[in-house]
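Q: So here's start_32.txt (compact mmCIF, C-alpha atoms).
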# COMPACT_ATOMS: atom_id res chain seq x y z
CA MET A 1 139.49 -25.39 30.10
CA SER A 2 141.01 -23.41 32.95
CA GLU A 3 142.76 -25.19 35.77
CA THR A 4 141.89 -24.44 39.36
CA ALA A 5 144.80 -22.69 41.01
CA ARG A 6 146.52 -24.69 43.73
CA PRO A 7 145.91 -23.02 47.10
CA SER A 8 148.91 -21.35 48.72
CA ALA A 9 149.94 -22.16 52.29
CA LEU A 10 150.72 -18.45 52.71
CA ALA A 11 147.28 -17.24 51.58
CA PRO A 12 145.93 -16.79 55.18
CA PHE A 13 148.72 -14.30 55.89
CA ARG A 14 147.05 -11.82 53.56
CA ILE A 15 144.75 -11.13 56.51
CA ARG A 16 146.35 -8.62 58.89
CA ASN A 17 144.91 -10.16 62.07
CA TYR A 18 146.24 -13.58 61.12
CA ARG A 19 149.75 -12.12 60.80
CA PHE A 20 149.58 -11.31 64.52
CA GLN A 21 147.61 -14.31 65.75
CA TRP A 22 149.84 -16.91 64.10
CA PRO A 23 153.08 -15.83 65.84
CA ALA A 24 151.19 -15.35 69.12
CA ASP A 25 149.93 -18.93 68.88
CA LEU A 26 153.41 -20.09 67.89
CA VAL A 27 155.26 -18.73 70.91
CA THR A 28 152.46 -19.90 73.23
CA SER A 29 152.71 -23.44 71.84
CA TRP A 30 156.50 -23.28 72.08
CA ALA A 31 156.25 -22.43 75.79
CA PHE A 32 153.68 -25.20 76.34
CA GLU A 33 156.01 -27.81 74.86
CA MET A 34 159.04 -26.59 76.80
CA GLU A 35 157.07 -26.82 80.04
CA GLN A 36 155.75 -30.28 79.26
CA ILE A 37 159.23 -31.66 78.56
CA ILE A 38 160.90 -29.95 81.53
CA LEU A 39 158.24 -30.68 84.14
CA GLY A 40 157.52 -34.22 82.92
CA TRP A 41 161.19 -35.12 83.20
CA TYR A 42 161.48 -33.37 86.58
CA VAL A 43 158.53 -35.29 88.06
CA LEU A 44 159.76 -38.64 86.72
CA VAL A 45 163.31 -38.15 88.04
CA GLU A 46 162.27 -36.73 91.43
CA THR A 47 159.53 -39.30 92.14
CA GLY A 48 160.61 -42.31 90.05
CA SER A 49 156.93 -43.19 89.56
CA VAL A 50 155.13 -43.65 86.22
CA LEU A 51 151.82 -43.33 88.09
CA LEU A 52 152.80 -39.88 89.44
CA LEU A 53 154.01 -38.94 85.95
CA THR A 54 150.59 -39.78 84.52
CA LEU A 55 148.97 -37.89 87.43
CA TYR A 56 151.06 -34.81 86.60
CA ALA A 57 150.18 -35.08 82.90
CA SER A 58 146.50 -35.49 83.81
CA LEU A 59 146.48 -32.29 85.89
CA GLY A 60 147.15 -30.34 82.72
CA TYR A 61 143.67 -31.23 81.49
CA VAL A 62 141.47 -30.64 84.54
CA GLY A 63 140.16 -27.49 82.87
CA THR A 64 138.61 -29.48 80.04
CA LEU A 65 135.54 -29.92 82.26
CA ILE A 66 134.98 -26.15 82.34
CA ALA A 67 136.15 -25.48 78.75
CA PRO A 68 132.56 -24.91 77.53
CA LEU A 69 132.29 -22.02 80.01
CA PHE A 70 135.37 -20.45 78.39
CA GLY A 71 133.52 -20.77 75.09
CA VAL A 72 130.53 -18.93 76.58
CA VAL A 73 132.80 -16.17 77.91
CA GLY A 74 134.56 -15.89 74.54
CA ASP A 75 131.24 -15.52 72.72
CA ARG A 76 130.28 -12.75 75.18
CA ILE A 77 133.44 -10.65 75.64
CA GLY A 78 135.25 -11.55 72.42
CA HIS A 79 137.74 -14.34 71.70
CA ARG A 80 140.70 -11.96 71.34
CA ASP A 81 140.25 -10.47 74.82
CA LEU A 82 139.74 -13.86 76.44
CA LEU A 83 142.83 -15.30 74.75
CA ALA A 84 144.99 -12.38 75.91
CA MET A 85 143.81 -12.79 79.52
CA MET A 86 144.52 -16.52 79.44
CA ARG A 87 148.06 -15.98 78.18
CA ALA A 88 148.73 -13.39 80.86
CA ILE A 89 147.76 -16.04 83.43
CA TYR A 90 150.26 -18.48 81.89
CA ALA A 91 153.00 -15.87 82.33
CA VAL A 92 152.15 -15.33 86.01
CA LEU A 93 152.13 -19.06 86.82
CA ALA A 94 155.36 -19.69 84.90
CA ALA A 95 156.97 -16.80 86.78
CA ALA A 96 155.99 -18.48 90.07
CA LEU A 97 157.70 -21.73 89.00
CA MET A 98 160.74 -19.78 87.81
CA THR A 99 161.07 -18.02 91.18
CA LEU A 100 160.77 -21.29 93.12
CA ALA A 101 163.37 -22.98 90.93
CA LEU A 102 165.85 -20.10 91.07
CA THR A 103 165.57 -19.85 94.86
CA GLY A 104 165.94 -23.60 95.38
CA HIS A 105 162.49 -24.08 96.92
CA LEU A 106 160.92 -26.10 94.12
CA THR A 107 159.49 -29.52 95.05
CA PRO A 108 157.19 -31.94 93.19
CA ILE A 109 154.29 -30.74 95.37
CA PHE A 110 154.66 -27.18 94.05
CA VAL A 111 154.86 -28.53 90.49
CA PHE A 112 151.61 -30.46 90.98
CA VAL A 113 149.82 -27.41 92.44
CA ILE A 114 150.89 -25.01 89.70
CA ALA A 115 150.23 -27.65 87.01
CA ALA A 116 146.67 -27.97 88.37
CA LEU A 117 146.16 -24.19 88.25
CA MET A 118 147.57 -24.02 84.72
CA GLY A 119 145.42 -26.98 83.80
CA LEU A 120 142.26 -25.03 84.62
CA VAL A 121 142.99 -22.55 81.83
CA ARG A 122 145.36 -24.06 79.28
CA PRO A 123 143.11 -26.74 77.74
CA SER A 124 140.81 -24.01 76.42
CA ASP A 125 143.60 -22.21 74.54
CA LEU A 126 143.32 -24.35 71.42
CA GLY A 127 139.54 -23.96 71.25
CA VAL A 128 139.58 -20.19 71.76
CA ARG A 129 142.30 -19.67 69.16
CA GLY A 130 140.35 -21.86 66.73
CA ALA A 131 137.20 -19.81 67.25
CA LEU A 132 139.19 -16.60 66.70
CA VAL A 133 140.69 -17.96 63.46
CA ALA A 134 137.21 -18.85 62.19
CA THR A 135 136.01 -15.34 63.06
CA ILE A 136 138.79 -13.39 61.35
CA MET A 137 139.16 -15.58 58.23
CA PRO A 138 136.91 -15.67 55.11
CA HIS A 139 135.24 -19.00 54.38
CA ASP A 140 137.40 -19.89 51.37
CA LEU A 141 140.60 -19.60 53.42
CA LEU A 142 139.34 -21.50 56.48
CA ILE A 143 140.86 -24.95 55.76
CA GLY A 144 144.21 -23.38 54.89
CA ALA A 145 144.10 -21.08 57.91
CA ILE A 146 143.31 -23.91 60.36
CA SER A 147 145.99 -26.12 58.77
CA VAL A 148 148.64 -23.39 58.93
CA SER A 149 147.49 -22.47 62.43
CA ARG A 150 148.12 -26.06 63.51
CA THR A 151 151.73 -25.72 62.36
CA THR A 152 152.24 -23.47 65.39
CA MET A 153 151.84 -26.55 67.59
CA ASP A 154 153.84 -28.78 65.27
CA THR A 155 156.83 -26.46 64.88
CA ALA A 156 156.67 -25.62 68.58
CA ARG A 157 156.78 -29.28 69.50
CA ILE A 158 159.91 -29.65 67.41
CA ALA A 159 161.71 -26.52 68.58
CA GLY A 160 160.10 -26.42 72.03
CA ALA A 161 160.89 -30.04 72.81
CA LEU A 162 164.51 -29.80 71.67
CA SER A 163 165.17 -26.37 73.19
CA GLY A 164 163.34 -27.24 76.42
CA ALA A 165 165.34 -30.43 76.90
CA GLY A 166 168.55 -28.66 75.88
CA LEU A 167 168.07 -25.65 78.16
CA PHE A 168 167.08 -27.87 81.08
CA ALA A 169 170.17 -30.05 80.66
CA ALA A 170 172.57 -27.13 80.09
CA LEU A 171 171.27 -24.35 82.36
CA GLY A 172 168.99 -25.95 84.90
CA MET A 173 165.29 -25.54 85.49
CA GLY A 174 165.25 -21.97 86.82
CA ARG A 175 167.08 -20.39 83.90
CA ALA A 176 165.12 -22.44 81.39
CA TYR A 177 161.95 -20.99 82.90
CA VAL A 178 163.18 -17.43 82.30
CA ALA A 179 162.83 -18.16 78.58
CA ILE A 180 159.35 -19.65 79.11
CA VAL A 181 158.12 -16.55 80.96
CA CYS A 182 159.44 -14.30 78.19
CA LEU A 183 157.59 -16.36 75.58
CA TYR A 184 154.28 -16.04 77.44
CA VAL A 185 154.70 -12.27 77.80
CA LEU A 186 155.44 -11.96 74.07
CA ALA A 187 152.38 -14.11 73.25
CA THR A 188 150.13 -11.86 75.34
CA SER A 189 151.44 -8.74 73.60
CA LEU A 190 150.98 -10.18 70.09
CA THR A 191 147.46 -11.36 70.89
CA LEU A 192 146.51 -7.83 71.94
CA CYS A 193 147.66 -6.60 68.51
CA VAL A 194 144.81 -8.53 66.86
CA VAL A 195 141.99 -6.10 66.10
CA ALA A 196 138.93 -7.61 67.72
CA PRO A 197 136.19 -8.19 65.12
CA LYS A 198 132.96 -6.29 65.66
CA ARG A 199 130.58 -8.29 67.77
CA ALA A 200 127.05 -9.01 66.66
CA ARG A 201 124.34 -6.76 68.08
CA PRO A 202 122.60 -8.22 71.12
CA VAL A 203 119.24 -9.92 70.69
CA THR A 204 116.40 -7.61 71.75
CA ASP A 205 112.89 -8.22 73.00
CA ALA A 206 109.66 -6.73 71.64
CA ALA A 207 110.34 -3.41 73.41
CA GLY A 208 113.78 -3.13 71.85
CA GLU A 209 115.59 -3.88 75.12
CA PRO A 210 118.56 -6.30 75.09
CA MET A 211 117.61 -9.75 76.33
CA ARG A 212 119.74 -11.09 79.16
CA ALA A 213 120.80 -14.64 78.44
CA SER A 214 122.24 -16.71 81.26
CA PRO A 215 125.59 -18.48 80.75
CA LEU A 216 123.85 -21.79 81.45
CA ARG A 217 121.34 -21.16 78.66
CA ASP A 218 124.17 -20.16 76.32
CA LEU A 219 125.90 -23.43 77.12
CA ARG A 220 122.75 -25.48 76.60
CA GLU A 221 122.25 -23.84 73.21
CA GLY A 222 125.80 -24.75 72.18
CA VAL A 223 125.36 -28.39 73.22
CA SER A 224 122.00 -28.48 71.43
CA VAL A 225 123.61 -27.29 68.19
CA ILE A 226 126.15 -30.12 68.37
CA TRP A 227 123.60 -32.75 69.36
CA SER A 228 121.26 -31.83 66.51
CA THR A 229 124.01 -31.92 63.84
CA PRO A 230 125.11 -35.51 63.12
CA ARG A 231 128.48 -34.70 61.56
CA MET A 232 129.38 -32.52 64.55
CA GLN A 233 128.33 -35.29 66.93
CA ALA A 234 130.49 -37.80 65.09
CA ALA A 235 133.49 -35.43 65.07
CA MET A 236 133.14 -34.93 68.84
CA TRP A 237 133.14 -38.69 69.43
CA VAL A 238 136.27 -39.08 67.29
CA ALA A 239 137.97 -36.30 69.27
CA PHE A 240 137.04 -37.96 72.58
CA LEU A 241 138.18 -41.37 71.40
CA VAL A 242 141.65 -40.29 70.25
CA ASN A 243 142.21 -38.35 73.46
CA LEU A 244 141.26 -41.43 75.48
CA THR A 245 143.24 -44.06 73.57
CA ALA A 246 145.73 -42.46 71.13
CA TYR A 247 147.30 -39.34 72.67
CA PRO A 248 148.38 -41.03 75.94
CA LEU A 249 150.76 -43.27 73.98
CA SER A 250 152.58 -40.41 72.23
CA ASN A 251 152.03 -37.58 74.71
CA GLY A 252 151.97 -37.94 78.50
CA LEU A 253 153.73 -41.33 78.57
CA LEU A 254 156.64 -40.24 76.36
CA PRO A 255 159.03 -39.44 79.28
CA TYR A 256 158.38 -42.94 80.68
CA ILE A 257 158.89 -44.55 77.26
CA ALA A 258 162.16 -42.65 76.71
CA LYS A 259 163.61 -43.43 80.13
CA THR A 260 162.33 -46.93 80.83
CA ILE A 261 161.82 -48.58 77.42
CA TYR A 262 164.71 -46.99 75.51
CA GLY A 263 167.02 -46.01 78.40
CA THR A 264 167.68 -42.55 76.97
CA ASN A 265 167.96 -39.11 78.61
CA GLN A 266 166.33 -35.68 78.18
CA THR A 267 167.92 -35.24 74.75
CA GLY A 268 166.52 -38.57 73.56
CA LEU A 269 163.13 -37.55 74.89
CA GLY A 270 163.40 -34.34 72.90
CA TYR A 271 164.15 -36.27 69.69
CA LEU A 272 161.17 -38.57 70.21
CA SER A 273 158.81 -35.66 70.88
CA ALA A 274 160.20 -33.69 67.95
CA SER A 275 159.80 -36.60 65.53
CA PHE A 276 156.07 -36.80 66.24
CA ALA A 277 155.85 -33.06 65.68
CA ILE A 278 157.79 -33.19 62.39
CA GLY A 279 155.30 -35.72 61.05
CA SER A 280 152.44 -33.57 62.28
CA LEU A 281 153.93 -30.49 60.62
CA ALA A 282 154.24 -32.37 57.33
CA GLY A 283 150.56 -33.32 57.58
CA SER A 284 149.48 -29.75 58.32
CA LEU A 285 151.49 -28.29 55.44
CA SER A 286 150.27 -30.97 53.04
CA LEU A 287 146.64 -30.30 53.84
CA SER A 288 147.10 -26.53 53.60
CA MET A 289 148.23 -26.91 49.97
CA ILE A 290 145.63 -29.45 48.80
CA GLY A 291 142.25 -28.28 47.60
CA GLY A 292 138.95 -30.13 47.28
CA VAL A 293 139.34 -32.45 50.28
CA ARG A 294 136.43 -34.65 51.41
CA VAL A 295 136.96 -33.68 55.03
CA ALA A 296 134.72 -36.22 56.80
CA ARG A 297 136.20 -39.12 54.82
CA LEU A 298 139.68 -37.82 55.52
CA MET A 299 138.92 -37.71 59.25
CA VAL A 300 137.90 -41.37 59.29
CA ALA A 301 140.77 -42.65 57.14
CA ALA A 302 143.42 -40.64 58.99
CA THR A 303 142.15 -41.76 62.40
CA VAL A 304 142.29 -45.46 61.46
CA ALA A 305 145.80 -44.96 60.01
CA TRP A 306 146.84 -43.15 63.22
CA TYR A 307 145.91 -46.17 65.32
CA GLY A 308 147.63 -48.47 62.84
CA THR A 309 150.94 -46.62 63.26
CA LEU A 310 150.54 -46.72 67.05
CA LEU A 311 150.14 -50.51 66.90
CA VAL A 312 153.59 -50.65 65.30
CA PHE A 313 155.12 -47.98 67.57
CA VAL A 314 154.36 -49.80 70.84
CA GLN A 315 156.34 -52.82 69.60
CA MET A 316 159.51 -50.85 68.84
CA GLN A 317 162.57 -51.42 71.03
CA THR A 318 165.04 -48.83 69.74
CA VAL A 319 165.00 -45.05 69.47
CA PRO A 320 165.63 -44.87 65.66
CA THR A 321 162.74 -47.21 64.82
CA ALA A 322 160.50 -45.40 67.30
CA ILE A 323 161.35 -42.09 65.63
CA VAL A 324 160.24 -43.42 62.22
CA CYS A 325 156.96 -44.67 63.70
CA LEU A 326 156.33 -41.37 65.47
CA LEU A 327 156.90 -39.46 62.23
CA LEU A 328 154.11 -41.44 60.56
CA THR A 329 151.92 -41.21 63.68
CA GLY A 330 152.25 -37.44 63.77
CA PHE A 331 151.37 -37.15 60.07
CA CYS A 332 148.13 -39.13 60.48
CA GLN A 333 147.25 -37.34 63.73
CA SER A 334 147.51 -33.94 62.05
CA LEU A 335 145.17 -34.90 59.19
CA SER A 336 142.65 -36.34 61.66
CA MET A 337 142.55 -33.38 64.05
CA ILE A 338 142.48 -30.71 61.33
CA SER A 339 139.53 -32.53 59.77
CA VAL A 340 137.68 -32.52 63.10
CA ALA A 341 138.25 -28.77 63.52
CA VAL A 342 137.14 -27.95 59.97
CA ILE A 343 133.95 -30.02 60.32
CA LEU A 344 133.05 -28.21 63.54
CA MET A 345 133.88 -24.70 62.33
CA ARG A 346 132.08 -25.11 59.02
CA ALA A 347 128.94 -26.46 60.66
CA ALA A 348 128.79 -23.89 63.49
CA SER A 349 127.45 -20.40 62.89
CA GLU A 350 129.53 -17.48 64.15
CA GLN A 351 127.56 -16.90 67.36
CA PHE A 352 128.06 -20.52 68.43
CA ARG A 353 131.71 -21.07 67.53
CA GLY A 354 133.08 -20.33 70.98
CA ARG A 355 130.65 -22.69 72.66
CA VAL A 356 131.18 -25.43 70.09
CA MET A 357 134.95 -25.25 70.49
CA GLY A 358 134.48 -25.14 74.25
CA VAL A 359 132.65 -28.46 74.11
CA ARG A 360 135.38 -29.70 71.74
CA MET A 361 137.96 -28.89 74.42
CA MET A 362 135.87 -30.62 77.09
CA VAL A 363 136.21 -33.96 75.31
CA ILE A 364 139.97 -33.68 75.84
CA TYR A 365 139.12 -34.90 79.35
CA GLY A 366 139.43 -38.34 77.79
CA LEU A 367 143.22 -37.80 77.80
CA PRO A 368 143.75 -37.65 81.59
CA LEU A 369 141.38 -40.60 82.00
CA GLY A 370 143.34 -42.55 79.40
CA LEU A 371 146.65 -41.60 81.04
CA LEU A 372 145.59 -42.70 84.52
CA VAL A 373 144.23 -46.03 83.27
CA ALA A 374 147.37 -46.56 81.17
CA GLY A 375 149.60 -45.86 84.17
CA SER A 376 147.84 -48.58 86.16
CA LEU A 377 147.82 -51.06 83.27
CA ILE A 378 151.51 -50.56 82.50
CA GLU A 379 152.44 -51.52 86.05
CA LYS A 380 150.40 -54.75 85.67
CA ILE A 381 150.80 -55.92 82.04
CA GLY A 382 153.59 -53.76 80.63
CA PHE A 383 153.76 -50.94 78.07
CA ALA A 384 153.56 -53.00 74.86
CA ALA A 385 150.43 -54.87 75.93
CA THR A 386 148.78 -51.67 77.16
CA GLY A 387 149.59 -49.84 73.93
CA THR A 388 148.31 -52.70 71.79
CA LEU A 389 145.06 -52.80 73.77
CA TYR A 390 144.57 -49.02 73.39
CA ALA A 391 145.28 -48.97 69.63
CA ALA A 392 143.11 -52.02 68.85
CA ALA A 393 140.22 -50.57 70.87
CA GLY A 394 140.64 -47.27 69.03
CA ILE A 395 140.37 -48.90 65.60
CA ALA A 396 137.28 -50.85 66.65
CA MET A 397 135.53 -47.76 68.04
CA THR A 398 136.42 -45.62 64.99
CA LEU A 399 134.82 -48.20 62.72
CA ALA A 400 131.76 -48.23 64.99
CA ILE A 401 131.48 -44.43 64.69
CA VAL A 402 131.70 -44.43 60.88
CA THR A 403 129.18 -47.29 60.72
CA HIS A 404 126.68 -45.40 62.90
CA TRP A 405 127.08 -42.08 61.04
CA ARG A 406 127.87 -43.53 57.61
CA ALA A 407 125.40 -41.25 55.79
CA ASP A 408 127.04 -38.15 57.33
CA LEU A 409 130.70 -39.21 57.21
CA TRP A 410 131.22 -41.50 54.21
CA ASN A 411 128.46 -40.53 51.78
CA LEU A 412 130.10 -38.59 48.97
CA HIS A 413 127.34 -35.96 48.95
CA ALA A 414 127.11 -35.49 52.73
CA PRO A 415 127.66 -31.90 53.99
CA GLY A 416 130.77 -33.03 55.85
CA ASN A 417 132.35 -33.99 52.51
CA ALA A 418 131.46 -30.75 50.71
CA ARG A 419 134.50 -29.23 49.01
Show me this structure written as structure tokens.
A:
Amino acid sequence: MSETARPSALAPFRIRNYRFQWPADLVTSWAFEMEQIILGWYVLVETGSVLLLTLYASLGYVGTLIAPLFGVVGDRIGHRDLLAMMRAIYAVLAAALMTLALTGHLTPIFVFVIAALMGLVRPSDLGVRGALVATIMPHDLLIGAISVSRTTMDTARIAGALSGAGLFAALGMGRAYVAIVCLYVLATSLTLCVVAPKRARPVTDAAGEPMRASPLRDLREGVSVIWSTPRMQAAMWVAFLVNLTAYPLSNGLLPYIAKTIYGTNQTGLGYLSASFAIGSLAGSLSLSMIGGVRVARLMVAATVAWYGTLLVFVQMQTVPTAIVCLLLTGFCQSLSMISVAVILMRAASEQFRGRVMGVRMMVIYGLPLGLLVAGSLIEKIGFAATGTLYAAAGIAMTLAIVTHWRADLWNLHAPGNAR
């Protein structure tokens, strides 16, 4: 009897386009993390307000409401071209912040304005890159490719968090932003090196003329595909739930936790952020090397475990114990979010992938809502009570989702669990 060969984490790199897209995604994610650490710390120190910190973090996700439109545009003009244009915009906005910082004119107001402009575009980056990966990769390499692609965010959060905090502390904000601008320019150039896949021929009418579809109709079709596919519906609800109740505790609130709960500085913040990313990287690499995964079951189990680790994390009072909890949290988070992406990309046909991932990015709007509510609750009942409430509610809602869609998520023979 022959044994099935264990999949290689490097298998996706046999595809030429992936060898350009992966480093482009890597340097983009690195710049994202550096900006988040630098600007989050700047806002907290300059304003001294956790509510304004959560407001700043929320501005980074205003574009989630228009993310489906980015999906429509990507399906029309090509995901490679759209991704390159988006990354050029990041470079321009980062250059504006760099100039203000170097000339001494930077204020929190300018940070909020530029964060809002960046927030219109940046939330769609993950969805567009996911759609492009699904387009350029063969079906048998898709789980590995998405897992390895996610390592760009994980490794960037490690290196980006530590280097961002280090550069900010050593050189100041202006010089740190020189590096960020260079990363965005490099990302744009690498993205343009991806050879855009041939687009499908337009749909024609009876006379052979191309039919003109409106963007609104394109969007409605994408939503209809999701709504009529139970496993996609369930995956979307899981994605919304974790953005509302899980990510705020280990994402936007981390500068507050580092400064107020643990009394540490930018370097301590970098260690906390990097520990979450190390756990996430371990999860991504593990999944990329494991074959025959029941993806829908994995999504449910990993999400419940994610909330369980958060319940422990919010009770921690020292940096070392928090780092251990964040390592485990990041590991579970990675398995959960990769599973969501694989379910969506497997279920969506090629012509709908951009729109499906656009809707997937729209549910990230739960994160700014969760951040703003958390900021208000923390001022009233404290961080530990707020975190416990969020994690307990997350577990309860995850169990409700799997109960409602049990036949599509937990049944061994459901399409979502196909190997």
Q: Looking at only C-alpha atoms, which of A:Val178, A:Asn251, A:Val300, A:Val111 is the one that sits closest to Trp405 of chain A?
A: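 Between A:Val178, A:Asn251, A:Val300, A:Val111, the residue approaching Trp405 of chain A most closely is A:Val300.
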Q: Box time for segment 381-399 of chain A: axis-aligned, enclosing all its listed atoms, 4 Å extra on each side; report centre and edge lengths in Å to one decimal, as JSON.
A:
{"center_x": 144.3, "center_y": -50.8, "center_z": 72.4, "size_x": 26.9, "size_y": 18.3, "size_z": 27.3}
Q: Could you please determine the separation between atom CA of Val238 of chain A and atom CA of Leu335 of chain A in Å, to one decimal place?
A: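 Here the two named atoms are 12.7 Å from each other.
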Q: Do you know which residues are at most 8 Å from Phe70 of chain A counting all atoms listed in the file, after dropping those on the same chain fewer than 2 positions away, and could you put them as an NGL selection string?
A: :A and (66-68 or 72-74 or 124 or 128 or 354-355 or 358)
Q: Would you mind reading off the distance between atom CA of Pro248 of chain A and atom CA of Met289 of chain A, one decimal, in Å?
A: 29.6 Å
Q: Determine the nearest neighbour of Met357 of chain A from the options A:Lys259, A:Arg406, A:Arg294, A:His79, counting all atoms listed in the file.
A: A:His79
Q: Here is a test: counting all atoms listed in the file, which residue of A:Phe112, A:Gly222, A:Val50, A:Ala84 is nearest to Phe383 of chain A?
A: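 Distance minimum relative to Phe383 of chain A lands on A:Val50.
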Q: Determine the nearest neighbour of Leu367 of chain A from the options A:Leu52, A:Ala234, A:Val242, A:Cys193, counting only C-alpha atoms.
A: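 Closest residue, counting only C-alpha atoms: A:Val242.
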Q: Quick one: pull the distance between atom CA of Val223 of chain A and atom CA of Met345 of chain A, Å, one decimal.
A: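 Atom CA of Val223 of chain A sits 14.3 Å away from atom CA of Met345 of chain A.
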